[in-house]
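What follows is the content of start20.pdb, which has PDB, C-alpha atoms:
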ATOM      1  CA  MET J 297       0.000   0.000   0.000  1.00  0.00           C
ATOM      2  CA  ILE J 298       1.330   3.423  -0.977  1.00  0.00           C
ATOM      3  CA  ILE J 299       1.254   5.980   1.823  1.00  0.00           C
ATOM      4  CA  TYR J 300       1.007   9.551   0.552  1.00  0.00           C
ATOM      5  CA  LYS J 301       2.675  12.237   2.646  1.00  0.00           C
ATOM      6  CA  SER J 302       1.286  15.705   3.215  1.00  0.00           C
ATOM      7  CA  GLU J 303       3.404  18.815   2.764  1.00  0.00           C
ATOM      8  CA  ASP J 304       3.762  19.107   6.548  1.00  0.00           C
ATOM      9  CA  GLU J 305       4.929  15.501   6.825  1.00  0.00           C
ATOM     10  CA  ILE J 306       7.462  16.032   4.058  1.00  0.00           C
ATOM     11  CA  LYS J 307       8.813  19.057   5.948  1.00  0.00           C
ATOM     12  CA  ILE J 308       9.373  16.848   8.988  1.00  0.00           C
ATOM     13  CA  MET J 309      10.995  14.201   6.814  1.00  0.00           C
ATOM     14  CA  LYS J 310      13.278  16.877   5.421  1.00  0.00           C
ATOM     15  CA  ARG J 311      14.634  17.462   8.929  1.00  0.00           C
ATOM     16  CA  ALA J 312      15.242  13.748   9.375  1.00  0.00           C
ATOM     17  CA  GLY J 313      16.890  13.617   5.962  1.00  0.00           C
ATOM     18  CA  GLU J 314      19.121  16.590   6.695  1.00  0.00           C
ATOM     19  CA  LEU J 315      20.292  14.904   9.892  1.00  0.00           C
ATOM     20  CA  VAL J 316      21.295  11.885   7.817  1.00  0.00           C
ATOM     21  CA  GLY J 317      23.013  14.174   5.305  1.00  0.00           C
ATOM     22  CA  ASN J 318      24.971  15.948   8.038  1.00  0.00           C
ATOM     23  CA  VAL J 319      26.120  12.652   9.533  1.00  0.00           C
ATOM     24  CA  LEU J 320      27.350  11.471   6.128  1.00  0.00           C
ATOM     25  CA  LEU J 321      29.198  14.763   5.614  1.00  0.00           C
ATOM     26  CA  LYS J 322      30.818  14.443   9.038  1.00  0.00           C
ATOM     27  CA  LEU J 323      31.962  10.903   8.323  1.00  0.00           C
ATOM     28  CA  GLU J 324      33.291  11.881   4.894  1.00  0.00           C
ATOM     29  CA  ASN J 325      35.493  14.465   6.563  1.00  0.00           C
ATOM     30  CA  ILE J 326      37.033  12.014   9.025  1.00  0.00           C
ATOM     31  CA  ILE J 327      37.402   8.884   6.893  1.00  0.00           C
ATOM     32  CA  LYS J 328      41.085   8.093   6.405  1.00  0.00           C
ATOM     33  CA  PRO J 329      43.422   5.101   6.460  1.00  0.00           C
ATOM     34  CA  GLY J 330      44.011   3.683   9.930  1.00  0.00           C
ATOM     35  CA  ILE J 331      40.605   4.255  11.534  1.00  0.00           C
ATOM     36  CA  THR J 332      38.050   1.573  12.269  1.00  0.00           C
ATOM     37  CA  THR J 333      34.460   1.344  11.121  1.00  0.00           C
ATOM     38  CA  GLU J 334      33.576   1.046  14.817  1.00  0.00           C
ATOM     39  CA  PHE J 335      34.966   4.566  15.326  1.00  0.00           C
ATOM     40  CA  LEU J 336      32.793   5.892  12.493  1.00  0.00           C
ATOM     41  CA  ASP J 337      29.782   4.185  14.041  1.00  0.00           C
ATOM     42  CA  LYS J 338      30.412   5.860  17.405  1.00  0.00           C
ATOM     43  CA  ILE J 339      30.649   9.306  15.805  1.00  0.00           C
ATOM     44  CA  ALA J 340      27.418   8.737  13.856  1.00  0.00           C
ATOM     45  CA  GLU J 341      25.458   7.571  16.889  1.00  0.00           C
ATOM     46  CA  GLU J 342      26.635  10.480  19.044  1.00  0.00           C
ATOM     47  CA  MET J 343      25.639  12.934  16.334  1.00  0.00           C
ATOM     48  CA  ILE J 344      22.166  11.472  15.767  1.00  0.00           C
ATOM     49  CA  VAL J 345      21.372  11.277  19.478  1.00  0.00           C
ATOM     50  CA  SER J 346      22.683  14.794  20.141  1.00  0.00           C
ATOM     51  CA  HIS J 347      20.150  16.101  17.597  1.00  0.00           C
ATOM     52  CA  ASN J 348      17.259  14.309  19.372  1.00  0.00           C
ATOM     53  CA  GLY J 349      17.164  11.560  16.775  1.00  0.00           C
ATOM     54  CA  LYS J 350      17.279   7.809  17.077  1.00  0.00           C
ATOM     55  CA  PRO J 351      19.521   5.527  15.003  1.00  0.00           C
ATOM     56  CA  ALA J 352      17.182   3.704  12.642  1.00  0.00           C
ATOM     57  CA  PHE J 353      19.327   0.633  12.044  1.00  0.00           C
ATOM     58  CA  LYS J 354      20.411  -0.207  15.596  1.00  0.00           C
ATOM     59  CA  GLY J 355      18.320  -3.108  16.843  1.00  0.00           C
ATOM     60  CA  TYR J 356      16.618  -3.571  13.478  1.00  0.00           C
ATOM     61  CA  LEU J 357      15.510  -7.070  12.497  1.00  0.00           C
ATOM     62  CA  GLY J 358      15.763  -7.614   8.757  1.00  0.00           C
ATOM     63  CA  ARG J 359      14.047 -10.045   6.430  1.00  0.00           C
ATOM     64  CA  ILE J 360      16.984 -12.480   6.496  1.00  0.00           C
ATOM     65  CA  SER J 361      18.735 -12.114   9.837  1.00  0.00           C
ATOM     66  CA  LYS J 362      17.209 -13.218  13.137  1.00  0.00           C
ATOM     67  CA  VAL J 363      19.852 -11.167  14.945  1.00  0.00           C
ATOM     68  CA  ALA J 364      19.221  -7.465  15.580  1.00  0.00           C
ATOM     69  CA  PHE J 365      21.607  -5.196  13.679  1.00  0.00           C
ATOM     70  CA  PRO J 366      24.193  -3.992  16.240  1.00  0.00           C
ATOM     71  CA  GLY J 367      25.348  -0.738  14.661  1.00  0.00           C
ATOM     72  CA  THR J 368      24.164   2.771  13.913  1.00  0.00           C
ATOM     73  CA  ILE J 369      25.653   2.717  10.415  1.00  0.00           C
ATOM     74  CA  CYS J 370      26.200   0.061   7.796  1.00  0.00           C
ATOM     75  CA  ALA J 371      29.851   0.130   6.723  1.00  0.00           C
ATOM     76  CA  SER J 372      30.504  -1.999   3.633  1.00  0.00           C
ATOM     77  CA  ILE J 373      34.046  -2.279   2.252  1.00  0.00           C
ATOM     78  CA  ASN J 374      35.144  -3.203  -1.278  1.00  0.00           C
ATOM     79  CA  GLU J 375      33.291  -6.449  -2.195  1.00  0.00           C
ATOM     80  CA  GLU J 376      30.729  -5.842   0.559  1.00  0.00           C
ATOM     81  CA  VAL J 377      27.528  -4.570  -1.049  1.00  0.00           C
ATOM     82  CA  VAL J 378      25.370  -3.464   1.885  1.00  0.00           C
ATOM     83  CA  HIS J 379      24.684  -4.113   5.589  1.00  0.00           C
ATOM     84  CA  GLY J 380      28.316  -4.372   6.664  1.00  0.00           C
ATOM     85  CA  ILE J 381      28.528  -4.460  10.460  1.00  0.00           C
ATOM     86  CA  PRO J 382      30.849  -1.789  11.920  1.00  0.00           C
ATOM     87  CA  GLY J 383      33.656  -3.226  14.029  1.00  0.00           C
ATOM     88  CA  LYS J 384      37.402  -3.507  14.546  1.00  0.00           C
ATOM     89  CA  ARG J 385      38.285  -3.609  10.856  1.00  0.00           C
ATOM     90  CA  ILE J 386      40.779  -0.907   9.958  1.00  0.00           C
ATOM     91  CA  LEU J 387      40.297   1.091   6.777  1.00  0.00           C
ATOM     92  CA  LYS J 388      43.214   0.888   4.366  1.00  0.00           C
ATOM     93  CA  ASP J 389      44.436   3.260   1.695  1.00  0.00           C
ATOM     94  CA  GLY J 390      42.559   2.582  -1.529  1.00  0.00           C
ATOM     95  CA  ASP J 391      39.523   0.965   0.085  1.00  0.00           C
ATOM     96  CA  LEU J 392      36.032   1.753  -1.179  1.00  0.00           C
ATOM     97  CA  VAL J 393      33.753   2.144   1.837  1.00  0.00           C
ATOM     98  CA  SER J 394      29.988   2.553   1.526  1.00  0.00           C
ATOM     99  CA  ILE J 395      28.327   4.157   4.549  1.00  0.00           C
ATOM    100  CA  ASP J 396      24.552   3.825   4.995  1.00  0.00           C
ATOM    101  CA  VAL J 397      22.864   5.977   7.658  1.00  0.00           C
ATOM    102  CA  GLY J 398      19.279   5.939   8.897  1.00  0.00           C
ATOM    103  CA  ALA J 399      17.712   8.207  11.506  1.00  0.00           C
ATOM    104  CA  ARG J 400      14.283   8.591  13.073  1.00  0.00           C
ATOM    105  CA  LEU J 401      13.320  12.135  14.032  1.00  0.00           C
ATOM    106  CA  ASP J 402       9.908  13.407  15.160  1.00  0.00           C
ATOM    107  CA  GLY J 403       8.250  10.173  14.075  1.00  0.00           C
ATOM    108  CA  PHE J 404       9.694  10.009  10.552  1.00  0.00           C
ATOM    109  CA  PHE J 405      12.697   8.355   8.945  1.00  0.00           C
ATOM    110  CA  GLY J 406      15.531   9.543   6.755  1.00  0.00           C
ATOM    111  CA  ASP J 407      17.814   7.102   4.915  1.00  0.00           C
ATOM    112  CA  GLY J 408      20.893   7.814   2.827  1.00  0.00           C
ATOM    113  CA  ALA J 409      24.185   6.288   1.733  1.00  0.00           C
ATOM    114  CA  ARG J 410      27.439   7.461   0.227  1.00  0.00           C
ATOM    115  CA  SER J 411      30.514   5.636  -1.033  1.00  0.00           C
ATOM    116  CA  PHE J 412      33.947   7.067  -0.280  1.00  0.00           C
ATOM    117  CA  ILE J 413      37.519   6.446  -1.295  1.00  0.00           C
ATOM    118  CA  VAL J 414      39.786   5.893   1.703  1.00  0.00           C
ATOM    119  CA  GLY J 415      42.935   7.919   1.079  1.00  0.00           C
ATOM    120  CA  SER J 416      43.792   7.575  -2.592  1.00  0.00           C
ATOM    121  CA  ALA J 417      42.547   5.031  -5.084  1.00  0.00           C
ATOM    122  CA  GLY J 418      43.096   3.931  -8.635  1.00  0.00           C
ATOM    123  CA  ARG J 419      40.944   4.448 -11.682  1.00  0.00           C
ATOM    124  CA  LYS J 420      38.922   1.276 -11.060  1.00  0.00           C
ATOM    125  CA  VAL J 421      37.488   2.519  -7.751  1.00  0.00           C
ATOM    126  CA  GLN J 422      36.973   6.054  -9.008  1.00  0.00           C
ATOM    127  CA  LYS J 423      35.075   4.798 -12.051  1.00  0.00           C
ATOM    128  CA  ILE J 424      32.533   2.654 -10.189  1.00  0.00           C
ATOM    129  CA  ILE J 425      31.901   5.427  -7.654  1.00  0.00           C
ATOM    130  CA  LYS J 426      31.201   7.929 -10.429  1.00  0.00           C
ATOM    131  CA  ALA J 427      28.936   5.507 -12.303  1.00  0.00           C
ATOM    132  CA  THR J 428      26.877   4.718  -9.188  1.00  0.00           C
ATOM    133  CA  TRP J 429      26.537   8.403  -8.313  1.00  0.00           C
ATOM    134  CA  ASP J 430      25.486   9.136 -11.886  1.00  0.00           C
ATOM    135  CA  ALA J 431      22.902   6.335 -11.724  1.00  0.00           C
ATOM    136  CA  LEU J 432      21.404   7.806  -8.552  1.00  0.00           C
ATOM    137  CA  ASN J 433      21.165  11.300  -9.993  1.00  0.00           C
ATOM    138  CA  ALA J 434      19.702  10.081 -13.271  1.00  0.00           C
ATOM    139  CA  ALA J 435      17.102   8.079 -11.328  1.00  0.00           C
ATOM    140  CA  ILE J 436      16.174  11.097  -9.215  1.00  0.00           C
ATOM    141  CA  ASP J 437      15.576  13.046 -12.430  1.00  0.00           C
ATOM    142  CA  LYS J 438      12.814  10.528 -13.175  1.00  0.00           C
ATOM    143  CA  CYS J 439      11.028  11.276  -9.875  1.00  0.00           C
ATOM    144  CA  ILE J 440       8.300  13.334 -11.505  1.00  0.00           C
ATOM    145  CA  ALA J 441       4.552  12.958 -11.029  1.00  0.00           C
ATOM    146  CA  GLY J 442       3.198  11.163 -14.075  1.00  0.00           C
ATOM    147  CA  ASN J 443       6.228   8.954 -14.590  1.00  0.00           C
ATOM    148  CA  ARG J 444       6.214   5.295 -13.598  1.00  0.00           C
ATOM    149  CA  LEU J 445       8.278   3.508 -10.969  1.00  0.00           C
ATOM    150  CA  GLY J 446       9.846   1.498 -13.772  1.00  0.00           C
ATOM    151  CA  ASP J 447      11.328   4.679 -15.214  1.00  0.00           C
ATOM    152  CA  ILE J 448      13.503   4.964 -12.092  1.00  0.00           C
ATOM    153  CA  SER J 449      14.490   1.295 -12.187  1.00  0.00           C
ATOM    154  CA  HIS J 450      15.247   1.246 -15.907  1.00  0.00           C
ATOM    155  CA  THR J 451      17.382   4.383 -15.651  1.00  0.00           C
ATOM    156  CA  ILE J 452      19.583   2.859 -12.955  1.00  0.00           C
ATOM    157  CA  GLU J 453      20.075  -0.319 -14.968  1.00  0.00           C
ATOM    158  CA  SER J 454      20.813   1.654 -18.143  1.00  0.00           C
ATOM    159  CA  VAL J 455      23.466   3.836 -16.528  1.00  0.00           C
ATOM    160  CA  ALA J 456      25.057   0.763 -14.930  1.00  0.00           C
ATOM    161  CA  ALA J 457      25.131  -1.223 -18.180  1.00  0.00           C
ATOM    162  CA  GLY J 458      26.401   1.788 -20.113  1.00  0.00           C
ATOM    163  CA  ASN J 459      29.416   1.879 -17.808  1.00  0.00           C
ATOM    164  CA  GLY J 460      30.028  -1.868 -17.887  1.00  0.00           C
ATOM    165  CA  TYR J 461      28.514  -2.746 -14.496  1.00  0.00           C
ATOM    166  CA  SER J 462      25.754  -5.036 -13.276  1.00  0.00           C
ATOM    167  CA  VAL J 463      23.100  -4.102 -10.720  1.00  0.00           C
ATOM    168  CA  VAL J 464      22.175  -5.982  -7.565  1.00  0.00           C
ATOM    169  CA  VAL J 465      18.748  -7.579  -7.994  1.00  0.00           C
ATOM    170  CA  ASP J 466      18.317  -9.213  -4.563  1.00  0.00           C
ATOM    171  CA  PHE J 467      18.264  -5.929  -2.614  1.00  0.00           C
ATOM    172  CA  VAL J 468      16.260  -2.868  -3.568  1.00  0.00           C
ATOM    173  CA  GLY J 469      15.193   0.645  -2.656  1.00  0.00           C
ATOM    174  CA  HIS J 470      11.895   1.306  -0.922  1.00  0.00           C
ATOM    175  CA  GLY J 471       9.223   3.694   0.185  1.00  0.00           C
ATOM    176  CA  ILE J 472       9.884   5.464   3.480  1.00  0.00           C
ATOM    177  CA  GLY J 473       8.002   7.598   5.997  1.00  0.00           C
ATOM    178  CA  ARG J 474       6.744   6.683   9.464  1.00  0.00           C
ATOM    179  CA  ASN J 475       8.377   3.315   8.812  1.00  0.00           C
ATOM    180  CA  MET J 476      11.876   2.895   7.468  1.00  0.00           C
ATOM    181  CA  HIS J 477      10.690   0.404   4.853  1.00  0.00           C
ATOM    182  CA  GLU J 478       7.355   0.975   3.146  1.00  0.00           C
ATOM    183  CA  ASP J 479       5.875   0.113  -0.231  1.00  0.00           C
ATOM    184  CA  PRO J 480       6.746   0.313  -3.027  1.00  0.00           C
ATOM    185  CA  GLN J 481       9.942  -1.589  -3.661  1.00  0.00           C
ATOM    186  CA  VAL J 482      12.264   0.374  -5.951  1.00  0.00           C
ATOM    187  CA  LEU J 483      14.113  -2.093  -8.163  1.00  0.00           C
ATOM    188  CA  ASN J 484      17.436  -1.235  -9.755  1.00  0.00           C
ATOM    189  CA  TYR J 485      16.433  -2.939 -13.004  1.00  0.00           C
ATOM    190  CA  GLY J 486      13.463  -3.492 -15.272  1.00  0.00           C
ATOM    191  CA  PRO J 487      11.530  -1.972 -18.180  1.00  0.00           C
ATOM    192  CA  ALA J 488      10.615   1.696 -18.401  1.00  0.00           C
ATOM    193  CA  HIS J 489       7.018   2.975 -18.391  1.00  0.00           C
ATOM    194  CA  GLN J 490       5.849   0.126 -16.142  1.00  0.00           C
ATOM    195  CA  GLY J 491       4.728  -0.176 -12.538  1.00  0.00           C
ATOM    196  CA  GLN J 492       3.316   2.232  -9.977  1.00  0.00           C
ATOM    197  CA  LEU J 493       2.321   5.684 -11.229  1.00  0.00           C
ATOM    198  CA  LEU J 494       4.374   8.342  -9.447  1.00  0.00           C
ATOM    199  CA  LYS J 495       2.181  10.877  -7.652  1.00  0.00           C
ATOM    200  CA  LYS J 496       2.519  13.830  -5.335  1.00  0.00           C
ATOM    201  CA  GLY J 497       3.234  12.670  -1.789  1.00  0.00           C
ATOM    202  CA  ILE J 498       5.220   9.540  -2.631  1.00  0.00           C
ATOM    203  CA  VAL J 499       8.565   9.397  -0.811  1.00  0.00           C
ATOM    204  CA  LEU J 500      11.195   6.913  -1.976  1.00  0.00           C
ATOM    205  CA  ALA J 501      14.607   5.785  -0.808  1.00  0.00           C
ATOM    206  CA  ILE J 502      16.402   5.224  -4.106  1.00  0.00           C
ATOM    207  CA  GLU J 503      19.585   3.191  -3.794  1.00  0.00           C
ATOM    208  CA  PRO J 504      21.521   1.931  -6.800  1.00  0.00           C
ATOM    209  CA  MET J 505      23.985  -0.861  -5.985  1.00  0.00           C
ATOM    210  CA  LEU J 506      26.428  -1.453  -8.840  1.00  0.00           C
ATOM    211  CA  ASN J 507      28.815  -4.384  -9.095  1.00  0.00           C
ATOM    212  CA  GLU J 508      32.089  -4.538 -10.970  1.00  0.00           C
ATOM    213  CA  GLY J 509      31.399  -8.155 -11.869  1.00  0.00           C
ATOM    214  CA  GLU J 510      28.243 -10.252 -11.830  1.00  0.00           C
ATOM    215  CA  SER J 511      25.035  -9.271 -10.053  1.00  0.00           C
ATOM    216  CA  ASP J 512      24.996 -12.345  -7.807  1.00  0.00           C
ATOM    217  CA  VAL J 513      25.428 -11.738  -4.078  1.00  0.00           C
ATOM    218  CA  GLU J 514      25.488 -13.792  -0.879  1.00  0.00           C
ATOM    219  CA  VAL J 515      25.065 -13.135   2.824  1.00  0.00           C
ATOM    220  CA  LEU J 516      27.962 -13.905   5.168  1.00  0.00           C
ATOM    221  CA  LYS J 517      27.729 -15.998   8.340  1.00  0.00           C
ATOM    222  CA  ASP J 518      27.046 -12.884  10.441  1.00  0.00           C
ATOM    223  CA  THR J 519      23.618 -12.997   8.684  1.00  0.00           C
ATOM    224  CA  TRP J 520      23.860  -9.319   7.712  1.00  0.00           C
ATOM    225  CA  THR J 521      26.830  -8.509   5.498  1.00  0.00           C
ATOM    226  CA  VAL J 522      26.010  -8.878   1.789  1.00  0.00           C
ATOM    227  CA  VAL J 523      28.976  -9.492  -0.533  1.00  0.00           C
ATOM    228  CA  THR J 524      29.402 -10.012  -4.255  1.00  0.00           C
ATOM    229  CA  LYS J 525      29.587 -13.711  -5.003  1.00  0.00           C
ATOM    230  CA  ASP J 526      32.631 -13.217  -7.227  1.00  0.00           C
ATOM    231  CA  ARG J 527      34.203 -10.922  -4.583  1.00  0.00           C
ATOM    232  CA  LYS J 528      34.571  -8.054  -7.025  1.00  0.00           C
ATOM    233  CA  LEU J 529      33.925  -4.417  -6.086  1.00  0.00           C
ATOM    234  CA  SER J 530      30.484  -3.068  -5.273  1.00  0.00           C
ATOM    235  CA  CYS J 531      29.304   0.506  -4.758  1.00  0.00           C
ATOM    236  CA  HIS J 532      26.187   1.936  -3.110  1.00  0.00           C
ATOM    237  CA  PHE J 533      24.573   5.380  -3.027  1.00  0.00           C
ATOM    238  CA  GLU J 534      21.157   6.321  -1.642  1.00  0.00           C
ATOM    239  CA  ASP J 535      18.945   9.367  -1.192  1.00  0.00           C
ATOM    240  CA  THR J 536      15.455   9.871   0.210  1.00  0.00           C
ATOM    241  CA  VAL J 537      13.364  11.709  -2.403  1.00  0.00           C
ATOM    242  CA  ALA J 538       9.884  13.236  -2.107  1.00  0.00           C
ATOM    243  CA  ILE J 539       7.675  13.802  -5.144  1.00  0.00           C
ATOM    244  CA  THR J 540       5.790  17.090  -4.879  1.00  0.00           C
ATOM    245  CA  SER J 541       3.631  19.258  -7.115  1.00  0.00           C
ATOM    246  CA  GLU J 542       6.756  21.287  -7.907  1.00  0.00           C
ATOM    247  CA  GLY J 543       8.992  18.375  -8.773  1.00  0.00           C
ATOM    248  CA  SER J 544      11.172  16.251  -6.523  1.00  0.00           C
ATOM    249  CA  ILE J 545      12.919  17.238  -3.304  1.00  0.00           C
ATOM    250  CA  ILE J 546      16.036  15.338  -2.233  1.00  0.00           C
ATOM    251  CA  LEU J 547      15.486  15.155   1.518  1.00  0.00           C
ATOM    252  CA  THR J 548      18.912  13.745   2.415  1.00  0.00           C
ATOM    253  CA  ARG J 549      20.993  16.426   0.727  1.00  0.00           C
ATOM    254  CA  LEU J 550      21.949  19.688   2.370  1.00  0.00           C
ATOM    255  CA  ASN J 551      20.876  23.007   0.833  1.00  0.00           C
TER     256      ASN J 551
END
Any chance you could give the structure as structure tokens?
Amino acid sequence: MIIYKSEDEIKIMKRAGELVGNVLLKLENIIKPGITTEFLDKIAEEMIVSHNGKPAFKGYLGRISKVAFPGTICASINEEVVHGIPGKRILKDGDLVSIDVGARLDGFFGDGARSFIVGSAGRKVQKIIKATWDALNAAIDKCIAGNRLGDISHTIESVAAGNGYSVVVDFVGHGIGRNMHEDPQVLNYGPAHQGQLLKKGIVLAIEPMLNEGESDVEVLKDTWTVVTKDRKLSCHFEDTVAITSEGSIILTRLN
């Protein structure tokens, strides 16, 4: 069931989204070789709580794992696609780290992700980061009332394929609002001009996940961390986007 948000609700969601955006900006500024993902998690949690928010992921029970997620952020490195558990692992020069942040504020959720280069990296890492970012932005351009959900999905797949990458099919974007995950699912693949009609008041978390190799993924023994089956690079970006009468508003980006 699609839940349509009022203008007032979208304003509240904008505050939640901006908190997520500020956390991601803070983490971007401190990511460097030699620090742990556990350290990043601590910074994120302190920042969310200090702004009267609640970490959305901590304690969350997913559709696969029977164990509550232990962190505030998801920190996924190199071949890890999504849902990496923050811990003692030390970031190394040249790593690709994808940070996913969710926050609940005033009864609504914001959800966003960015992928960063740790230190310096070669062309291979730079290229997949740019392609995934381009896929997200191209998909957001399709968030217009009157378009179809498939227009978003097809755009992501097209940008990925045009750059020589596959898209993850087992994990998808989603609606978001008073719950972190709401209908509809936002696939990263599929035909254009199909699916749910986009209307004013729909809010979506759009999250392209591009793989250097094949699209196949698997979940590690921790029951959370998703990795590429061929252990090649993966990259993840995400924004929360509201469709309004005046176009789309990216709730997780700072003005």
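A straight line drawn from atom CA of J:Ala538 to atom CA of J:Asp437 is 11.8 Å long.
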* To do: Choose the residue, out of J:Arg385, J:Lys301, J:Lys517, J:Lys426, that has the smallest atom-to-atom separation from J:Pro329; count only C-alpha atoms.
  => J:Arg385
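If you count all atoms listed in the file and ignore residues fewer than 6 places along the chain from J:Leu357, what sits within 10 Å of it is Val363, Ala364, Phe365, Pro366 and Trp520 of chain J.
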* To do: Given the file shown, enumerate the residues that the PyMOL selection byres ((chain J and resi 501-510) around 9) captures and present them as a PyMOL selection string.
  => chain J and resi 375+377-378+406-409+420+424-425+427-429+431-432+435-436+448-449+452-453+456+460-465+467-472+477+482-484+499-500+511-513+524-538
* Asked: J:Asp518, J:Asp337, J:Glu542, J:Asp430: which is nearest J:Gly383, counting only C-alpha atoms?
  -> J:Asp337
* To do: Go through the shown structure with the PyMOL selection byres ((chain J and resi 342-352) around 6) and write out the matching residues as a PyMOL selection string.
  => chain J and resi 339-341+353-354+368+398-401
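Here the question is which of J:Leu392, J:Asn475, J:Thr540, J:Ile308 gets nearest to J:Glu376 using only C-alpha atoms, and that residue is J:Leu392.
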* Contacts of J:Lys338 at 10 Å or less, counting only C-alpha atoms, minus same-chain residues fewer than 6 places along, as a PyMOL selection string? -> chain J and resi 367-369+382
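Distance annotation: of J:Asp396, J:Asp402, J:Glu478, J:Glu305, the residue with the minimal separation from J:Leu320 is J:Asp396; atom set is all atoms listed in the file.
Nearest residue to J:Asn325 among J:Leu547, J:Ile440, J:Met476, J:Val414 is J:Val414, counting all atoms listed in the file.
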* Interatomic distance (Å, one decimal) between atom CA of J:Phe404 and atom CA of J:Glu314 -> 12.1 Å
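Counting only C-alpha atoms and comparing J:Ile546, J:Ala434, J:Leu336, J:Ala417, the residue that lies closest to J:Asp447 is J:Ala434.
Residues in contact with J:Ile498 at 7 Å, where all atoms listed in the file are counted and same-chain residues fewer than 3 positions away are skipped, are listed as Ile299, Tyr300, Lys301, Leu494, Lys495, Ala538 and Ile539 of chain J.
Atom CA of J:Phe335 to atom CA of J:Leu323 spans 9.9 Å [interatomic distance, one decimal].
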